[in-house]
$ cat entry.pdb   # PDB, C-alpha atoms
ATOM      1  CA  VAL W   1    -111.954  79.857  42.775  1.00  0.00           C
ATOM      2  CA  ARG W   2    -108.225  79.837  43.250  1.00  0.00           C
ATOM      3  CA  ILE W   3    -107.317  76.213  43.735  1.00  0.00           C
ATOM      4  CA  THR W   4    -105.528  75.560  46.978  1.00  0.00           C
ATOM      5  CA  PRO W   5    -105.571  72.399  49.102  1.00  0.00           C
ATOM      6  CA  GLU W   6    -108.081  73.993  51.480  1.00  0.00           C
ATOM      7  CA  ALA W   7    -110.362  75.466  48.761  1.00  0.00           C
ATOM      8  CA  ALA W   8    -113.985  74.392  49.121  1.00  0.00           C
ATOM      9  CA  LEU W   9    -117.216  75.060  47.294  1.00  0.00           C
ATOM     10  CA  PRO W  10    -120.634  74.240  48.713  1.00  0.00           C
ATOM     11  CA  GLY W  11    -122.247  71.556  46.605  1.00  0.00           C
ATOM     12  CA  PRO W  12    -125.784  70.754  45.583  1.00  0.00           C
ATOM     13  CA  GLU W  13    -128.174  69.280  48.132  1.00  0.00           C
ATOM     14  CA  PHE W  14    -129.095  66.355  45.878  1.00  0.00           C
ATOM     15  CA  GLY W  15    -127.310  63.645  43.948  1.00  0.00           C
ATOM     16  CA  THR W  16    -125.664  64.815  40.733  1.00  0.00           C
ATOM     17  CA  TRP W  17    -123.208  63.748  38.088  1.00  0.00           C
ATOM     18  CA  MET W  18    -120.253  65.905  37.067  1.00  0.00           C
ATOM     19  CA  LEU W  19    -118.748  66.831  33.704  1.00  0.00           C
ATOM     20  CA  VAL W  20    -115.076  67.835  33.754  1.00  0.00           C
ATOM     21  CA  ALA W  21    -113.129  69.449  30.902  1.00  0.00           C
ATOM     22  CA  LYS W  22    -109.413  69.888  31.578  1.00  0.00           C
ATOM     23  CA  GLY W  23    -107.381  72.559  29.850  1.00  0.00           C
ATOM     24  CA  GLN W  24    -103.654  72.985  30.347  1.00  0.00           C
ATOM     25  CA  LEU W  25    -103.988  73.129  34.139  1.00  0.00           C
ATOM     26  CA  GLN W  26    -102.597  69.984  35.709  1.00  0.00           C
ATOM     27  CA  SER W  27    -104.656  69.464  38.852  1.00  0.00           C
ATOM     28  CA  ASP W  28    -106.792  66.698  40.279  1.00  0.00           C
ATOM     29  CA  TRP W  29    -108.633  69.036  42.681  1.00  0.00           C
ATOM     30  CA  VAL W  30    -111.984  68.796  40.843  1.00  0.00           C
ATOM     31  CA  THR W  31    -111.927  65.018  40.504  1.00  0.00           C
ATOM     32  CA  GLY W  32    -110.038  64.159  43.702  1.00  0.00           C
ATOM     33  CA  THR W  33    -111.375  66.715  46.189  1.00  0.00           C
ATOM     34  CA  LEU W  34    -114.463  68.523  44.887  1.00  0.00           C
ATOM     35  CA  ALA W  35    -116.320  65.560  43.373  1.00  0.00           C
ATOM     36  CA  PRO W  36    -116.049  63.436  46.541  1.00  0.00           C
ATOM     37  CA  SER W  37    -117.049  66.360  48.781  1.00  0.00           C
ATOM     38  CA  TRP W  38    -120.135  66.913  46.597  1.00  0.00           C
ATOM     39  CA  LYS W  39    -120.814  63.160  46.684  1.00  0.00           C
ATOM     40  CA  VAL W  40    -121.251  63.024  42.903  1.00  0.00           C
ATOM     41  CA  GLN W  41    -122.770  59.796  41.684  1.00  0.00           C
ATOM     42  CA  GLY W  42    -120.761  59.723  38.473  1.00  0.00           C
ATOM     43  CA  LEU W  43    -118.038  61.672  36.709  1.00  0.00           C
ATOM     44  CA  ARG W  44    -117.401  62.038  33.003  1.00  0.00           C
ATOM     45  CA  GLU W  45    -114.418  63.765  31.387  1.00  0.00           C
ATOM     46  CA  ILE W  46    -115.028  65.625  28.147  1.00  0.00           C
ATOM     47  CA  PRO W  47    -112.793  67.722  25.857  1.00  0.00           C
ATOM     48  CA  LEU W  48    -112.413  71.384  26.753  1.00  0.00           C
ATOM     49  CA  PRO W  49    -114.605  73.503  24.428  1.00  0.00           C
ATOM     50  CA  ALA W  50    -112.486  75.347  21.832  1.00  0.00           C
ATOM     51  CA  GLU W  51    -113.962  78.710  22.929  1.00  0.00           C
ATOM     52  CA  SER W  52    -113.006  78.338  26.601  1.00  0.00           C
ATOM     53  CA  PRO W  53    -109.416  79.684  26.510  1.00  0.00           C
ATOM     54  CA  GLY W  54    -110.619  82.814  24.687  1.00  0.00           C
ATOM     55  CA  TRP W  55    -113.541  83.273  27.064  1.00  0.00           C
ATOM     56  CA  TRP W  56    -111.417  82.963  30.206  1.00  0.00           C
ATOM     57  CA  GLY W  57    -108.284  84.545  28.744  1.00  0.00           C
ATOM     58  CA  THR W  58    -106.126  81.515  29.505  1.00  0.00           C
ATOM     59  CA  GLY W  59    -105.815  77.866  28.675  1.00  0.00           C
ATOM     60  CA  LYS W  60    -104.719  77.068  32.239  1.00  0.00           C
ATOM     61  CA  MET W  61    -108.096  75.997  33.553  1.00  0.00           C
ATOM     62  CA  ILE W  62    -110.458  73.197  34.359  1.00  0.00           C
ATOM     63  CA  GLU W  63    -114.143  73.681  33.621  1.00  0.00           C
ATOM     64  CA  PHE W  64    -116.721  71.576  35.386  1.00  0.00           C
ATOM     65  CA  CYS W  65    -120.430  71.440  35.935  1.00  0.00           C
ATOM     66  CA  SER W  66    -122.726  69.321  37.993  1.00  0.00           C
ATOM     67  CA  TYR W  67    -126.034  68.131  36.563  1.00  0.00           C
ATOM     68  CA  LEU W  68    -129.054  65.989  37.311  1.00  0.00           C
ATOM     69  CA  PRO W  69    -129.068  62.929  35.062  1.00  0.00           C
ATOM     70  CA  ASP W  70    -132.694  62.071  35.900  1.00  0.00           C
ATOM     71  CA  LEU W  71    -135.024  64.378  33.947  1.00  0.00           C
ATOM     72  CA  SER W  72    -138.026  63.537  36.150  1.00  0.00           C
ATOM     73  CA  VAL W  73    -136.166  64.862  39.225  1.00  0.00           C
ATOM     74  CA  LEU W  74    -135.106  67.975  37.295  1.00  0.00           C
ATOM     75  CA  TYR W  75    -138.712  68.524  36.192  1.00  0.00           C
ATOM     76  CA  GLN W  76    -139.936  68.217  39.799  1.00  0.00           C
ATOM     77  CA  LEU W  77    -137.357  70.735  41.023  1.00  0.00           C
ATOM     78  CA  VAL W  78    -138.110  73.261  38.285  1.00  0.00           C
ATOM     79  CA  THR W  79    -141.883  73.046  38.684  1.00  0.00           C
ATOM     80  CA  SER W  80    -141.694  73.338  42.475  1.00  0.00           C
ATOM     81  CA  VAL W  81    -140.009  76.774  42.571  1.00  0.00           C
ATOM     82  CA  ARG W  82    -141.393  80.208  41.905  1.00  0.00           C
ATOM     83  CA  ARG W  83    -141.328  81.310  38.265  1.00  0.00           C
ATOM     84  CA  THR W  84    -141.524  84.998  37.408  1.00  0.00           C
ATOM     85  CA  ARG W  85    -140.208  87.526  34.935  1.00  0.00           C
ATOM     86  CA  CYS W  86    -137.207  89.584  36.070  1.00  0.00           C
ATOM     87  CA  HIS W  87    -138.364  93.103  36.886  1.00  0.00           C
ATOM     88  CA  TRP W  88    -135.015  94.505  35.749  1.00  0.00           C
ATOM     89  CA  CYS W  89    -133.992  92.713  32.528  1.00  0.00           C
ATOM     90  CA  GLY W  90    -137.211  90.892  31.625  1.00  0.00           C
ATOM     91  CA  ILE W  91    -135.996  87.296  31.209  1.00  0.00           C
ATOM     92  CA  ASP W  92    -137.763  84.349  32.842  1.00  0.00           C
ATOM     93  CA  VAL W  93    -136.576  83.654  36.380  1.00  0.00           C
ATOM     94  CA  ILE W  94    -136.807  80.300  38.101  1.00  0.00           C
ATOM     95  CA  GLY W  95    -136.237  80.750  41.827  1.00  0.00           C
ATOM     96  CA  ASP W  96    -135.183  83.847  43.721  1.00  0.00           C
ATOM     97  CA  ARG W  97    -132.425  85.397  41.610  1.00  0.00           C
ATOM     98  CA  CYS W  98    -132.083  86.208  37.918  1.00  0.00           C
ATOM     99  CA  VAL W  99    -129.278  84.141  36.394  1.00  0.00           C
ATOM    100  CA  PHE W 100    -128.516  86.911  33.894  1.00  0.00           C
ATOM    101  CA  CYS W 101    -128.428  90.121  35.940  1.00  0.00           C
ATOM    102  CA  SER W 102    -128.542  88.701  39.523  1.00  0.00           C
ATOM    103  CA  ALA W 103    -131.536  90.891  40.418  1.00  0.00           C
ATOM    104  CA  THR W 104    -133.798  89.703  43.213  1.00  0.00           C
ATOM    105  CA  PRO W 105    -137.521  90.446  43.313  1.00  0.00           C
ATOM    106  CA  PRO W 106    -138.354  93.926  44.596  1.00  0.00           C
ATOM    107  CA  VAL W 107    -139.518  94.079  48.188  1.00  0.00           C
ATOM    108  CA  HIS W 108    -142.995  95.515  48.481  1.00  0.00           C
ATOM    109  CA  ASP W 109    -144.234  96.992  51.718  1.00  0.00           C
ATOM    110  CA  SER W 110    -146.991  94.841  53.134  1.00  0.00           C
ATOM    111  CA  PRO W 111    -150.268  96.636  53.775  1.00  0.00           C
ATOM    112  CA  PRO W 112    -150.962  97.763  57.328  1.00  0.00           C
ATOM    113  CA  LEU W 113    -152.657  95.155  59.539  1.00  0.00           C
ATOM    114  CA  LYS W 114    -155.870  97.226  59.648  1.00  0.00           C
ATOM    115  CA  GLN W 115    -156.274  96.960  55.847  1.00  0.00           C
ATOM    116  CA  LEU W 116    -155.779  93.198  56.033  1.00  0.00           C
ATOM    117  CA  GLU W 117    -158.470  92.908  58.749  1.00  0.00           C
ATOM    118  CA  ASN W 118    -160.913  94.960  56.627  1.00  0.00           C
ATOM    119  CA  ARG W 119    -160.252  92.784  53.580  1.00  0.00           C
ATOM    120  CA  THR W 120    -160.914  89.659  55.580  1.00  0.00           C
ATOM    121  CA  ALA W 121    -164.113  91.050  57.099  1.00  0.00           C
ATOM    122  CA  VAL W 122    -165.429  92.201  53.718  1.00  0.00           C
ATOM    123  CA  GLY W 123    -164.197  89.197  51.683  1.00  0.00           C
TER     124      GLY W 123
END

$ encode --input "entry.pdb" --output "structure tokens"
Amino acid sequence: VRITPEAALPGPEFGTWMLVAKGQLQSDWVTGTLAPSWKVQGLREIPLPAESPGWWGTGKMIEFCSYLPDLSVLYQLVTSVRRTRCHWCGIDVIGDRCVFCSATPPVHDSPPLKQLENRTAVG
């Protein structure tokens, strides 16, 4: 996201905390604008990981992540969503989209209504 005064990111639908690691970029957008708009319950600043400038190709950045501090809530969320194996790359998927390759589950044609009626009558 290019940081401008009107930049916005949709936030999580539940209460989170935020970790912020500032590089050489001098901006309070994450802590002053984003965190309040996401209604974070707490904010903690940490050192920027040494690998980050190499990964992003610049030291002018701010990395942040939002997380659930309550493991019981996280457990409830994870166990309440669909868990499958990605049909494309094979890793475990929690939810509707693979976090590695972004594949979504293949859409299968549903059987004709007549076949469903026969199954019900027989079953």

$ resolve_selection --input "entry.pdb" --expression "the PyMOL selection byres ((chain W and resi 83) around 6)" --output "PDB file with C-alpha atoms, in the coordinates of the input"
ATOM      1  CA  ARG W  82    -141.393  80.208  41.905  1.00  0.00           C
ATOM      2  CA  THR W  84    -141.524  84.998  37.408  1.00  0.00           C
ATOM      3  CA  VAL W  93    -136.576  83.654  36.380  1.00  0.00           C
ATOM      4  CA  ILE W  94    -136.807  80.300  38.101  1.00  0.00           C
TER       5      ILE W  94
END

$ resolve_selection --input "entry.pdb" --expression "the PyMOL selection byres ((chain W and resi 44-56) around 6)" --output "list in words"
Leu19, Val20, Ala21, Lys22, Leu43, Gly57, Thr58 and Gly59 of chain W

$ resolve_selection --input "entry.pdb" --expression "the PyMOL selection byres ((chain W and resi 33-36) around 9)" --output "PyMOL selection string"
chain W and resi 5+7-9+11+17-18+28-32+37-43

$ write_last_selection --input "entry.pdb" --atoms "C-alpha atoms" --output "CSV table (one decimal), in the coordinates of the input"
chain,number,residue,atom,x,y,z
W,5,PRO,CA,-105.6,72.4,49.1
W,7,ALA,CA,-110.4,75.5,48.8
W,8,ALA,CA,-114.0,74.4,49.1
W,9,LEU,CA,-117.2,75.1,47.3
W,11,GLY,CA,-122.2,71.6,46.6
W,17,TRP,CA,-123.2,63.7,38.1
W,18,MET,CA,-120.3,65.9,37.1
W,28,ASP,CA,-106.8,66.7,40.3
W,29,TRP,CA,-108.6,69.0,42.7
W,30,VAL,CA,-112.0,68.8,40.8
W,31,THR,CA,-111.9,65.0,40.5
W,32,GLY,CA,-110.0,64.2,43.7
W,37,SER,CA,-117.0,66.4,48.8
W,38,TRP,CA,-120.1,66.9,46.6
W,39,LYS,CA,-120.8,63.2,46.7
W,40,VAL,CA,-121.3,63.0,42.9
W,41,GLN,CA,-122.8,59.8,41.7
W,42,GLY,CA,-120.8,59.7,38.5
W,43,LEU,CA,-118.0,61.7,36.7

$ atom_distance --input "entry.pdb" --atom1 "CA of Pro105 in chain W" --atom2 "CA of His87 in chain W"
7.0 Å

$ closest_residue --input "entry.pdb" --among "W:Val107, W:Gln26, W:Gly15, W:Glu6" --to "Met61 in chain W" --atoms "all atoms listed in the file"
W:Gln26
